[in-house]
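Below is one structure, written out as structure tokens; comments come after it.
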Amino acid sequence: MLKIALSGCNGRMGRAITDICEKKENMKIVAGFDVNAVKLADFPVYADPMEYTGGADVVIDFSNVSCTDSLLKYCLENRTPVVICTTGHSPEQLAQIGAAATQIPVFRSGNMSVGINLLMDLLRKCGSVLGDGYDVEIIEKHHNQKLDAPSGTALMLADAVAEALPYKAEYTYDRHERREKRPQHEIGIHAVRGGTIVGEHTVIFAGRDEIIELKHTALSREVFAVGAVDAAAFLAEQTKAGLYDMSHVIAAK
């Protein structure tokens, strides 16, 4: 039985993960961490992870970047692997996560969807084939409650393209103050926030007289919850400290 501690348990993604785990016989959520420490399911909820002493095989984090410090402290002190699905970390927090990965197994991804991670491979292929003959633009759409912009997924997709391009790309997030032609070596990244959009990402390769678009649309949050649970099952089996991502989960399958 895989024992899971769920950080951000009372949020939308936390509730989706709870629903999935309740249907599985081989895993159980034994504790929840949430700033809103209200019990909504069949496990205790703590505002501070350090208040929980019952132990867990792995932690899944779908909370907020403000909880990162306390969560890493709990995981390091208890030698508990952690799946970090939260996005919007500062450079300092990313450094903390990297340091934690030298001591415990840490899984981190800006998007838990298998489809998004497959899209990243396709983008690398496009970048290597199309080279500097096409302008790259990324448009991401999310619900009006999302806090960070651009999304962590949009940055992941931009990084995947940039890896394969023959030039060092400049990420451009806003052009309203610029009065000049589009520089050739930039990747434009644009955020849309509205309604209840779960997640939509479109990558545009605009060339001379042709346009190539690659698009991923998430129709429900369950696709991310399933990926997080799969990542937790994978990470709990890792005996070596290190930084893991969805490519390791896909390879293991």
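In the structure tokens, the first chain shown is A, the next is B, and so on; residue numbers restart at 1 for each chain, and ligands run from 1 in the order shown.
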Just list the residues in segment 113-192 of chain A DSSP gives alpha helix (DSSP H) on the backbone, as a ChimeraX atom specification.
-> /A:114-130,152-164
Can I get the residues of segment 33-149 of chain A within 6 Å of segment 203-210 of chain A, each with the closest pair of atoms and their distance in Å to one decimal, using only C-alpha atoms, sorted chain first then ascending number, as JSON lines?
{"residue": "A:Tyr134", "atom": "CA", "partner": "A:Gly207", "partner_atom": "CA", "distance": 4.3}
{"residue": "A:Asp135", "atom": "CA", "partner": "A:Ala206", "partner_atom": "CA", "distance": 5.0}
{"residue": "A:Val136", "atom": "CA", "partner": "A:Phe205", "partner_atom": "CA", "distance": 4.8}
{"residue": "A:Glu137", "atom": "CA", "partner": "A:Ile204", "partner_atom": "CA", "distance": 5.1}
{"residue": "A:Ile138", "atom": "CA", "partner": "A:Val203", "partner_atom": "CA", "distance": 4.5}
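One distance worth recording is that between atom CA of Gly110 of chain A and atom CA of Ser151 of chain A, which is 8.0 Å.
The nearest approach to Thr80 of chain A among the residues A:Val226, A:Val65, A:Ala241, A:Val114, with only C-alpha atoms taken into account, belongs to A:Ala241.
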Which one of A:Ser7, A:Thr153, A:Ser90, A:Thr202 sits closest to Ser63 of chain A if you count only C-alpha atoms?
-> A:Ser7
Residue contacts of Thr172 of chain A (7 Å, only C-alpha atoms) excluding same-chain residues fewer than 4 positions away, as an NGL selection string = :A and (186-189)
Can you list, as a count of residues only, every protein, DNA or RNA residue that comes within 12 Å of Ser70 of chain A when you count only C-alpha atoms, leaving out same-chain residues fewer than 3 positions away?
-> 24
Please measure the separation of atom CA of Val198 of chain A and atom CA of Ala41 of chain A, giving the value in Å to one decimal.
-> 23.6 Å
Which value, in Å to one decimal, gives the distance between atom CA of Ala100 of chain A and atom CA of Ala228 of chain A?
-> 19.2 Å
